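Just input06.csv here, CSV, C-alpha atoms:
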```csv
chain,number,residue,atom,x,y,z
A,29,MET,CA,-83.6,-46.3,-2.8
A,30,LYS,CA,-84.4,-47.3,0.8
A,31,TYR,CA,-85.3,-50.7,2.1
A,32,LYS,CA,-87.5,-51.7,5.0
A,33,ILE,CA,-87.8,-54.9,6.9
A,34,ILE,CA,-91.2,-56.6,6.8
A,35,LYS,CA,-91.8,-57.2,10.5
A,36,LYS,CA,-92.3,-60.8,11.7
A,37,VAL,CA,-93.3,-62.2,15.1
A,38,ILE,CA,-89.7,-63.5,15.5
A,39,PRO,CA,-87.1,-61.8,13.3
A,40,SER,CA,-85.1,-64.0,11.0
A,41,LYS,CA,-81.4,-64.0,10.5
A,42,ILE,CA,-79.4,-64.4,7.3
A,43,ILE,CA,-75.8,-64.4,6.1
A,44,ASN,CA,-75.0,-61.0,4.5
A,45,GLU,CA,-72.8,-60.4,1.5
A,46,LYS,CA,-69.7,-60.3,3.7
A,47,GLY,CA,-70.5,-63.7,5.2
A,48,LYS,CA,-71.6,-62.3,8.6
A,49,VAL,CA,-74.8,-63.3,10.3
A,50,VAL,CA,-77.2,-60.4,10.7
A,51,VAL,CA,-80.8,-60.2,12.0
A,52,LEU,CA,-83.6,-58.7,10.0
A,53,SER,CA,-84.6,-56.3,12.8
A,54,GLU,CA,-84.2,-52.6,13.5
A,55,THR,CA,-82.3,-53.4,16.6
A,56,ASP,CA,-79.6,-55.9,17.6
A,57,VAL,CA,-81.0,-59.2,19.0
A,58,THR,CA,-79.3,-61.3,21.7
A,59,GLU,CA,-79.9,-65.0,21.3
A,60,GLN,CA,-79.2,-68.0,23.5
A,61,ILE,CA,-76.8,-70.6,22.1
A,62,ALA,CA,-74.8,-73.5,23.5
A,63,PRO,CA,-71.9,-72.1,25.6
A,64,SER,CA,-68.6,-72.3,23.9
A,65,THR,CA,-65.1,-70.8,24.0
A,66,ILE,CA,-66.4,-68.0,21.7
A,67,TYR,CA,-69.6,-67.5,23.7
A,68,PRO,CA,-68.8,-68.7,27.2
A,69,ASP,CA,-72.1,-67.2,28.6
A,70,GLY,CA,-74.2,-68.7,25.9
A,71,LYS,CA,-75.3,-65.3,24.5
A,72,ARG,CA,-74.7,-64.2,21.0
A,73,VAL,CA,-75.5,-60.7,19.9
A,74,LEU,CA,-76.8,-60.5,16.3
A,75,LYS,CA,-76.2,-57.2,14.7
A,76,ALA,CA,-79.2,-55.5,13.0
A,77,ALA,CA,-79.1,-55.6,9.3
A,78,THR,CA,-77.9,-52.3,7.7
A,79,GLN,CA,-79.4,-50.7,4.6
A,80,GLU,CA,-76.5,-52.4,2.6
A,81,ASP,CA,-77.6,-55.8,4.0
A,82,LEU,CA,-81.2,-55.1,3.2
A,83,LYS,CA,-80.3,-54.1,-0.4
A,84,TYR,CA,-78.4,-57.4,-0.7
A,85,VAL,CA,-81.3,-59.4,0.7
A,86,PHE,CA,-83.8,-57.7,-1.6
A,87,GLU,CA,-81.8,-57.3,-4.8
A,88,LYS,CA,-79.4,-60.2,-4.8
A,89,LEU,CA,-81.3,-62.9,-2.7
A,90,GLY,CA,-84.7,-61.8,-3.9
A,91,MET,CA,-86.2,-62.3,-0.4
A,92,LYS,CA,-89.2,-60.1,-1.0
A,93,ASP,CA,-91.2,-61.6,1.8
A,94,ASP,CA,-88.7,-60.2,4.3
A,95,VAL,CA,-87.7,-56.8,2.8
A,96,GLU,CA,-89.6,-54.2,0.8
A,97,ILE,CA,-88.7,-51.0,-0.9
A,98,VAL,CA,-89.9,-47.8,0.7
A,99,GLU,CA,-90.1,-44.6,-1.3
A,100,GLU,CA,-87.9,-41.8,-0.1
A,101,GLU,CA,-90.1,-39.4,1.9
A,102,LYS,CA,-90.4,-36.1,0.0
A,103,GLN,CA,-89.5,-33.0,1.9
A,104,ILE,CA,-92.6,-30.9,2.5
A,105,ASP,CA,-91.9,-27.2,2.4
A,106,SER,CA,-94.3,-25.8,5.0
A,107,LYS,CA,-93.5,-22.2,4.0
A,108,LYS,CA,-95.3,-22.5,0.7
B,16,MET,CA,-94.2,-76.5,-13.5
B,17,ILE,CA,-91.1,-77.7,-15.2
B,18,GLU,CA,-91.6,-78.2,-18.9
B,19,CYS,CA,-91.2,-81.5,-20.7
B,20,GLY,CA,-87.7,-82.0,-22.1
B,21,PHE,CA,-85.5,-85.0,-22.8
B,22,THR,CA,-82.3,-83.3,-23.6
B,23,GLU,CA,-78.8,-84.4,-24.1
B,24,TYR,CA,-76.7,-85.0,-21.0
B,25,THR,CA,-73.1,-85.9,-21.3
B,26,THR,CA,-71.6,-87.7,-18.3
B,27,THR,CA,-68.2,-86.6,-17.3
B,28,CYS,CA,-65.8,-88.9,-15.6
B,29,LYS,CA,-66.0,-87.7,-12.0
B,30,ARG,CA,-64.5,-90.0,-9.5
B,31,GLY,CA,-65.0,-89.4,-5.8
B,32,ALA,CA,-66.4,-91.0,-2.7
B,33,GLY,CA,-70.2,-90.8,-2.5
B,34,GLY,CA,-72.3,-91.0,0.7
B,35,VAL,CA,-73.2,-88.6,3.4
B,36,LYS,CA,-70.4,-87.1,5.5
B,37,ARG,CA,-72.5,-85.0,7.9
B,38,THR,CA,-75.9,-83.5,8.3
B,39,ALA,CA,-77.2,-80.2,9.7
B,40,GLY,CA,-80.7,-80.3,11.0
B,41,ILE,CA,-83.3,-77.9,12.3
B,42,SER,CA,-87.1,-78.1,13.1
B,43,ARG,CA,-88.9,-77.0,10.0
B,44,SER,CA,-90.9,-74.2,11.7
B,45,LYS,CA,-87.6,-72.4,12.3
B,46,ILE,CA,-87.0,-71.9,8.6
B,47,ALA,CA,-88.0,-68.4,7.7
B,48,SER,CA,-87.3,-68.5,4.0
B,49,ILE,CA,-85.2,-70.2,1.3
B,50,THR,CA,-84.0,-68.5,-1.8
B,51,PHE,CA,-83.4,-70.4,-5.0
B,52,THR,CA,-81.4,-69.2,-8.0
B,53,THR,CA,-81.5,-71.2,-11.2
B,54,GLY,CA,-82.8,-74.2,-9.2
B,55,GLU,CA,-80.2,-74.2,-6.5
B,56,VAL,CA,-80.5,-72.9,-2.9
B,57,THR,CA,-78.5,-69.7,-2.6
B,58,ALA,CA,-79.7,-68.4,0.8
B,59,ILE,CA,-81.5,-69.6,3.9
B,60,SER,CA,-82.9,-67.5,6.7
B,61,ILE,CA,-83.9,-68.9,10.0
B,62,VAL,CA,-85.7,-67.4,13.0
B,63,ALA,CA,-83.5,-65.7,15.6
B,64,GLY,CA,-82.7,-67.9,18.5
B,65,SER,CA,-82.6,-71.1,16.5
B,66,HIS,CA,-79.7,-72.9,14.9
B,67,PHE,CA,-78.8,-75.7,12.6
B,68,ALA,CA,-77.2,-78.5,14.7
B,69,GLN,CA,-74.5,-80.7,13.1
B,70,VAL,CA,-74.1,-84.5,13.3
B,71,THR,CA,-71.0,-86.1,11.8
B,72,TRP,CA,-71.9,-89.7,10.8
B,73,ALA,CA,-69.7,-92.8,11.3
B,74,ASP,CA,-67.1,-93.0,8.6
B,75,ASN,CA,-67.8,-96.7,7.9
B,76,ASN,CA,-69.2,-96.1,4.4
B,77,THR,CA,-72.7,-96.6,5.5
B,78,ALA,CA,-74.2,-93.2,5.2
B,79,THR,CA,-76.3,-92.8,2.1
B,80,PHE,CA,-79.1,-90.6,0.8
B,81,THR,CA,-81.4,-92.2,-1.8
B,82,GLU,CA,-84.6,-91.2,-3.6
B,83,SER,CA,-86.9,-93.8,-5.0
B,84,GLU,CA,-88.1,-93.2,-8.5
B,85,PRO,CA,-91.8,-92.5,-8.8
B,86,THR,CA,-94.0,-95.0,-10.6
B,87,ARG,CA,-96.8,-94.8,-13.2
B,88,ASP,CA,-99.3,-94.9,-10.3
B,89,SER,CA,-97.7,-92.4,-8.0
B,90,ASP,CA,-95.5,-89.4,-8.5
B,91,ILE,CA,-94.2,-89.5,-4.9
B,92,LYS,CA,-90.6,-90.2,-4.2
B,93,THR,CA,-89.4,-91.7,-1.0
B,94,GLN,CA,-86.3,-89.9,0.2
B,95,GLU,CA,-84.2,-91.8,2.7
B,96,MET,CA,-81.0,-91.0,4.5
B,97,ILE,CA,-79.5,-93.9,6.4
B,98,ALA,CA,-76.4,-93.3,8.6
B,99,ASN,CA,-74.8,-94.6,11.7
B,100,LEU,CA,-73.4,-93.2,14.9
B,101,TYR,CA,-70.7,-95.1,16.7
B,102,GLY,CA,-71.8,-96.5,20.0
B,103,VAL,CA,-74.9,-97.5,21.8
B,104,THR,CA,-74.8,-95.5,25.0
B,105,GLN,CA,-77.1,-93.4,27.1
B,106,ALA,CA,-75.8,-90.4,25.1
B,107,THR,CA,-76.9,-91.9,21.7
B,108,LYS,CA,-80.2,-93.1,23.2
B,109,ALA,CA,-80.9,-89.6,24.5
B,110,TRP,CA,-80.0,-88.1,21.2
B,111,ALA,CA,-82.2,-90.6,19.4
B,112,GLU,CA,-85.2,-90.0,21.6
B,113,GLN,CA,-84.9,-86.2,21.2
B,114,VAL,CA,-84.7,-86.4,17.4
B,115,GLU,CA,-87.6,-88.8,17.1
B,116,ALA,CA,-89.7,-86.4,19.1
B,117,CYS,CA,-89.5,-83.8,16.2
B,118,CYS,CA,-93.0,-84.6,15.1
B,119,GLU,CA,-93.4,-81.3,13.2
B,120,GLY,CA,-90.7,-82.4,10.8
B,121,LEU,CA,-87.2,-81.4,10.1
B,122,VAL,CA,-85.1,-79.7,7.4
B,123,LEU,CA,-81.9,-81.6,6.9
B,124,VAL,CA,-78.9,-80.4,5.0
B,125,HIS,CA,-76.7,-83.3,4.0
B,126,GLU,CA,-73.1,-82.8,3.1
B,127,MET,CA,-71.9,-85.5,0.7
B,128,ASN,CA,-68.4,-86.8,0.7
B,129,ASP,CA,-67.9,-85.2,-2.7
B,130,GLY,CA,-68.7,-81.8,-1.2
B,131,THR,CA,-72.1,-81.3,-2.6
B,132,LEU,CA,-75.0,-80.3,-0.3
B,133,ARG,CA,-78.6,-81.5,-0.7
B,134,ILE,CA,-81.6,-80.5,1.4
B,135,GLN,CA,-84.2,-83.0,2.6
B,136,GLY,CA,-87.5,-81.8,3.9
B,137,ILE,CA,-88.1,-79.0,1.4
B,138,GLU,CA,-88.7,-79.0,-2.4
B,139,TYR,CA,-88.6,-76.5,-5.2
B,140,TYR,CA,-91.5,-76.0,-7.6
B,141,GLY,CA,-90.6,-75.1,-11.2
B,142,THR,CA,-88.5,-72.5,-12.7
B,143,ALA,CA,-90.9,-70.0,-14.2
B,144,ALA,CA,-92.3,-68.8,-10.9
B,145,PRO,CA,-89.9,-70.4,-8.4
B,146,THR,CA,-91.1,-71.1,-5.0
B,147,TRP,CA,-90.3,-73.5,-2.3
B,148,GLY,CA,-92.3,-75.6,0.2
B,149,TYR,CA,-92.0,-78.4,2.6
B,150,THR,CA,-92.1,-81.9,1.2
B,151,PRO,CA,-95.6,-83.5,1.2
B,152,GLY,CA,-94.3,-86.1,3.6
B,153,LYS,CA,-92.3,-84.3,6.3
B,154,ALA,CA,-88.8,-85.4,7.1
B,155,LEU,CA,-88.8,-87.5,10.3
B,156,VAL,CA,-86.0,-89.4,11.9
B,157,PHE,CA,-86.2,-92.9,13.2
B,158,THR,CA,-83.4,-94.7,15.1
B,159,GLY,CA,-82.4,-98.3,16.0
B,160,THR,CA,-79.5,-99.9,17.7
B,161,ASN,CA,-77.2,-102.7,16.8
B,162,ASN,CA,-75.1,-104.0,19.6
B,163,GLY,CA,-74.4,-107.4,17.9
B,164,THR,CA,-71.2,-109.0,17.0
B,165,LEU,CA,-71.5,-108.5,13.3
B,166,GLN,CA,-70.2,-105.0,13.6
B,167,THR,CA,-66.8,-104.5,15.2
B,168,LYS,CA,-68.4,-101.6,17.0
B,169,PRO,CA,-71.9,-101.1,18.4
B,170,ILE,CA,-73.8,-98.6,16.3
B,171,THR,CA,-76.9,-96.5,16.5
B,172,THR,CA,-78.6,-96.4,13.1
B,173,ILE,CA,-80.4,-93.3,11.9
B,174,ARG,CA,-83.0,-93.2,9.2
B,175,ALA,CA,-84.4,-89.9,8.0
B,176,GLU,CA,-87.4,-90.4,5.8
B,177,SER,CA,-89.5,-88.0,3.7
B,178,LEU,CA,-91.8,-88.1,0.8
B,179,SER,CA,-91.5,-85.6,-2.1
B,180,ILE,CA,-92.7,-84.9,-5.5
B,181,TYR,CA,-89.6,-83.1,-6.7
B,182,PRO,CA,-86.0,-84.2,-6.1
B,183,ALA,CA,-84.1,-82.9,-3.0
B,184,PRO,CA,-82.6,-79.5,-4.0
B,185,PHE,CA,-78.9,-78.9,-4.3
B,186,VAL,CA,-77.3,-76.0,-2.5
B,187,ALA,CA,-75.1,-73.6,-4.6
B,188,SER,CA,-71.4,-73.9,-3.9
B,189,ALA,CA,-71.4,-70.3,-2.6
B,190,LEU,CA,-73.5,-71.3,0.4
B,191,THR,CA,-71.2,-73.7,2.3
B,192,PHE,CA,-72.2,-76.2,5.0
B,193,ASP,CA,-70.1,-74.3,7.5
B,194,ALA,CA,-71.8,-71.0,6.6
B,195,ILE,CA,-75.2,-72.7,7.3
B,196,LEU,CA,-73.9,-73.8,10.7
B,197,LEU,CA,-72.9,-70.2,11.4
B,198,LEU,CA,-76.5,-69.1,11.2
```

Taking this structure as input, can you express it in the form of structure tokens?
Amino acid sequence: MKYKIIKKVIPSKIINEKGKVVVLSETDVTEQIAPSTIYPDGKRVLKAATQEDLKYVFEKLGMKDDVEIVEEEKQIDSKK
Amino acid sequence: MIECGFTEYTTTCKRGAGGVKRTAGISRSKIASITFTTGEVTAISIVAGSHFAQVTWADNNTATFTESEPTRDSDIKTQEMIANLYGVTQATKAWAEQVEACCEGLVLVHEMNDGTLRIQGIEYYGTAAPTWGYTPGKALVFTGTNNGTLQTKPITTIRAESLSIYPAPFVASALTFDAILLL
């Protein structure tokens, strides 16, 4: 089973099963936050959600407005 | 809709300080989605670039969160969090002005002194087809100052008010206050 993010104007972020913050986006997202010792430049890079994260979001959290199931693409044998 | 039921409820002896310890707040348009499991909030997602901001209230036993009971004539509850910040300064004035300007409404996660979390500004509809929405009366914050001699310290009083049909939801223990702040 494969999972796909339902695209939004601004991607949303969640806490994954491991307790890490990830963004529901196909690519990493850099956000501005208040500068701190951890982020002295005020920039935090949010890692893009993995398939494992998307499965957790869909199956465990039931966030079906954010993630959907996509069917595995069938291999087309062009030789036939 | 929740079905009618007046069921047995046994009170256990649970001692512990009540009141609100700290609150995490965010403008309500920044909430992307909220997940409920068996009536409790188990996950929150917010739009990238936004954050819950934390305020720790004065520890002078004044921070409370109350909901009025509805009446025969109205099923609306008034939800009210009252708390204080120590000091009446330019910093507290600036904070107050900023929070009062959140006209669109807020979503506030209150951490009680007994460790439970409740959310003001959203509500949960039923159990058969669970869904969430903002409270009919958005959560707004109003402030005032007390620089008199009655208090040993000057205080800035914070009142967060909203109107709801359903009680403020609880957050499941698996989703901690600190985890919400990490978002």

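Residue-level contacts from chain A to chain B at 7 Å, counting only C-alpha atoms, read A:Ile38, A:Pro39, A:Ser40, A:Lys41, A:Ile42, A:Ile43, A:Val49, A:Glu59, A:Gln60, A:Leu89, A:Met91.
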
Distance cut-off 8 Å, centre (-90.2, -73.8, 1.9) in file coordinates, counting only C-alpha atoms: which residues qualify? Return them as a PDB file with C-alpha atoms, in the frame of the given file.
```
ATOM      1  CA  ILE B  46     -87.000 -71.900   8.600  1.00  0.00           C
ATOM      2  CA  SER B  48     -87.300 -68.500   4.000  1.00  0.00           C
ATOM      3  CA  ILE B  49     -85.200 -70.200   1.300  1.00  0.00           C
ATOM      4  CA  ILE B 137     -88.100 -79.000   1.400  1.00  0.00           C
ATOM      5  CA  GLU B 138     -88.700 -79.000  -2.400  1.00  0.00           C
ATOM      6  CA  TYR B 139     -88.600 -76.500  -5.200  1.00  0.00           C
ATOM      7  CA  THR B 146     -91.100 -71.100  -5.000  1.00  0.00           C
ATOM      8  CA  TRP B 147     -90.300 -73.500  -2.300  1.00  0.00           C
ATOM      9  CA  GLY B 148     -92.300 -75.600   0.200  1.00  0.00           C
ATOM     10  CA  TYR B 149     -92.000 -78.400   2.600  1.00  0.00           C
TER      11      TYR B 149
END
```

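The spacing separating CA of Asn128 in chain B from CA of Arg37 in chain B amounts to 8.5 Å.
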
Gap from CA of Thr93 in chain B to CA of Cys19 in chain B - Å, one decimal: 22.3 Å

Shell of 6 Å around range 103-106 of chain B, only C-alpha atoms, local chain residues under 4 positions omitted, as a PDB file with C-alpha atoms, in the coordinates of the input:
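Dumped to result.pdb:
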```
ATOM      1  CA  PRO B 169     -71.900-101.100  18.400  1.00  0.00           C
ATOM      2  CA  ILE B 170     -73.800 -98.600  16.300  1.00  0.00           C
ATOM      3  CA  THR B 171     -76.900 -96.500  16.500  1.00  0.00           C
TER       4      THR B 171
END
```

Atom pair CA of Asp94 in chain A / CA of Thr55 in chain A: separation (Å):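 Computing the Euclidean distance for CA of Asp94 in chain A and CA of Thr55 in chain A yields 15.4 Å.
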
Shell of 9 Å around Val124 in chain B, only C-alpha atoms, local chain residues under 5 positions omitted, as a ChimeraX atom specification: /B:37-41,67,132-136,186,192,195

Distance query 9 Å from (-76.2, -88.7, -1.8) using all atoms listed in the file, result as a list in words: Gly33, Gly34, Val35, Ala78, Thr79, Phe80, Thr81, Glu82, Met96, His125, Glu126, Met127, Asn128, Thr131, Leu132 and Arg133 of chain B

Contacts of Ile34 in chain A at 9 Å (all atoms listed in the file; same-chain gap of 4+ positions) as a list in words: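 Counting all atoms listed in the file, the residues come to Leu52, Ser53, Lys92, Asp93, Asp94, Val95 and Glu96 of chain A.
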
Give me the residues near range 110-114 of chain B as an mmCIF file with C-alpha atoms, in the coordinates of the input, where near means some atom within 8 Å (using only C-alpha atoms) and where sequence neighbours in that chain fewer than 3 positions away do not count.
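around_39.cif, freshly written:
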```
data_model
loop_
_atom_site.group_PDB
_atom_site.id
_atom_site.type_symbol
_atom_site.label_atom_id
_atom_site.label_comp_id
_atom_site.auth_asym_id
_atom_site.auth_seq_id
_atom_site.Cartn_x
_atom_site.Cartn_y
_atom_site.Cartn_z
ATOM 1 C CA ALA B 106 -75.800 -90.400 25.100
ATOM 2 C CA THR B 107 -76.900 -91.900 21.700
ATOM 3 C CA CYS B 117 -89.500 -83.800 16.200
ATOM 4 C CA VAL B 156 -86.000 -89.400 11.900
ATOM 5 C CA PHE B 157 -86.200 -92.900 13.200
ATOM 6 C CA THR B 158 -83.400 -94.700 15.100
#
```

Nearest to Val57 in chain A by atom-to-atom distance, counting only C-alpha atoms, from A:Lys36, A:Leu74, A:Glu45, A:Glu99: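 Going through A:Lys36, A:Leu74, A:Glu45, A:Glu99 one by one, the smallest distance to Val57 in chain A is for A:Leu74.
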
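The closest residue to Ser42 in chain B, picked from B:Asp74, B:Tyr140, B:Lys153, B:Ser89 and counting all atoms listed in the file, is B:Lys153.
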
Pick from A:Lys35, A:Ile66, A:Arg72, A:Val98, whichever lies nearest to Glu54 in chain A using all atoms listed in the file: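 Between A:Lys35, A:Ile66, A:Arg72, A:Val98, the residue approaching Glu54 in chain A most closely is A:Lys35.
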
Exercise: Thr77 in chain B partners within 8 Å, only C-alpha atoms, chain neighbours under 5 positions left out, as number ranges by chain: B: 34, 97-99

Missing atoms of range 129-141 of chain B rebuilt to N, CA and C atoms, written as a PDB file, keeping the file's coordinate frame:
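File written: out26.pdb
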```pdb
ATOM      1  N   ASP B 129     -68.462 -85.925  -1.569  1.00  0.00           N
ATOM      2  CA  ASP B 129     -67.900 -85.200  -2.700  1.00  0.00           C
ATOM      3  C   ASP B 129     -68.033 -83.697  -2.573  1.00  0.00           C
ATOM      4  N   GLY B 130     -68.576 -83.252  -1.450  1.00  0.00           N
ATOM      5  CA  GLY B 130     -68.700 -81.800  -1.200  1.00  0.00           C
ATOM      6  C   GLY B 130     -70.006 -81.191  -1.520  1.00  0.00           C
ATOM      7  N   THR B 131     -70.852 -81.884  -2.260  1.00  0.00           N
ATOM      8  CA  THR B 131     -72.100 -81.300  -2.600  1.00  0.00           C
ATOM      9  C   THR B 131     -73.088 -81.331  -1.418  1.00  0.00           C
ATOM     10  N   LEU B 132     -74.028 -80.394  -1.412  1.00  0.00           N
ATOM     11  CA  LEU B 132     -75.000 -80.300  -0.300  1.00  0.00           C
ATOM     12  C   LEU B 132     -76.414 -80.544  -0.940  1.00  0.00           C
ATOM     13  N   ARG B 133     -77.227 -81.340  -0.271  1.00  0.00           N
ATOM     14  CA  ARG B 133     -78.600 -81.500  -0.700  1.00  0.00           C
ATOM     15  C   ARG B 133     -79.511 -81.342   0.543  1.00  0.00           C
ATOM     16  N   ILE B 134     -80.694 -80.826   0.302  1.00  0.00           N
ATOM     17  CA  ILE B 134     -81.600 -80.500   1.400  1.00  0.00           C
ATOM     18  C   ILE B 134     -82.787 -81.495   1.373  1.00  0.00           C
ATOM     19  N   GLN B 135     -83.033 -82.123   2.485  1.00  0.00           N
ATOM     20  CA  GLN B 135     -84.200 -83.000   2.600  1.00  0.00           C
ATOM     21  C   GLN B 135     -85.218 -82.348   3.511  1.00  0.00           C
ATOM     22  N   GLY B 136     -86.453 -82.417   3.078  1.00  0.00           N
ATOM     23  CA  GLY B 136     -87.500 -81.800   3.900  1.00  0.00           C
ATOM     24  C   GLY B 136     -88.190 -80.629   3.214  1.00  0.00           C
ATOM     25  N   ILE B 137     -87.530 -80.101   2.172  1.00  0.00           N
ATOM     26  CA  ILE B 137     -88.100 -79.000   1.400  1.00  0.00           C
ATOM     27  C   ILE B 137     -88.031 -79.424  -0.091  1.00  0.00           C
ATOM     28  N   GLU B 138     -88.824 -78.757  -0.930  1.00  0.00           N
ATOM     29  CA  GLU B 138     -88.700 -79.000  -2.400  1.00  0.00           C
ATOM     30  C   GLU B 138     -88.976 -77.685  -3.107  1.00  0.00           C
ATOM     31  N   TYR B 139     -88.627 -77.686  -4.364  1.00  0.00           N
ATOM     32  CA  TYR B 139     -88.600 -76.500  -5.200  1.00  0.00           C
ATOM     33  C   TYR B 139     -89.577 -76.731  -6.358  1.00  0.00           C
ATOM     34  N   TYR B 140     -90.456 -75.787  -6.561  1.00  0.00           N
ATOM     35  CA  TYR B 140     -91.500 -76.000  -7.600  1.00  0.00           C
ATOM     36  C   TYR B 140     -91.157 -75.129  -8.807  1.00  0.00           C
ATOM     37  N   GLY B 141     -90.732 -75.784  -9.868  1.00  0.00           N
ATOM     38  CA  GLY B 141     -90.600 -75.100 -11.200  1.00  0.00           C
ATOM     39  C   GLY B 141     -89.554 -74.082 -11.278  1.00  0.00           C
TER      40      GLY B 141
END
```
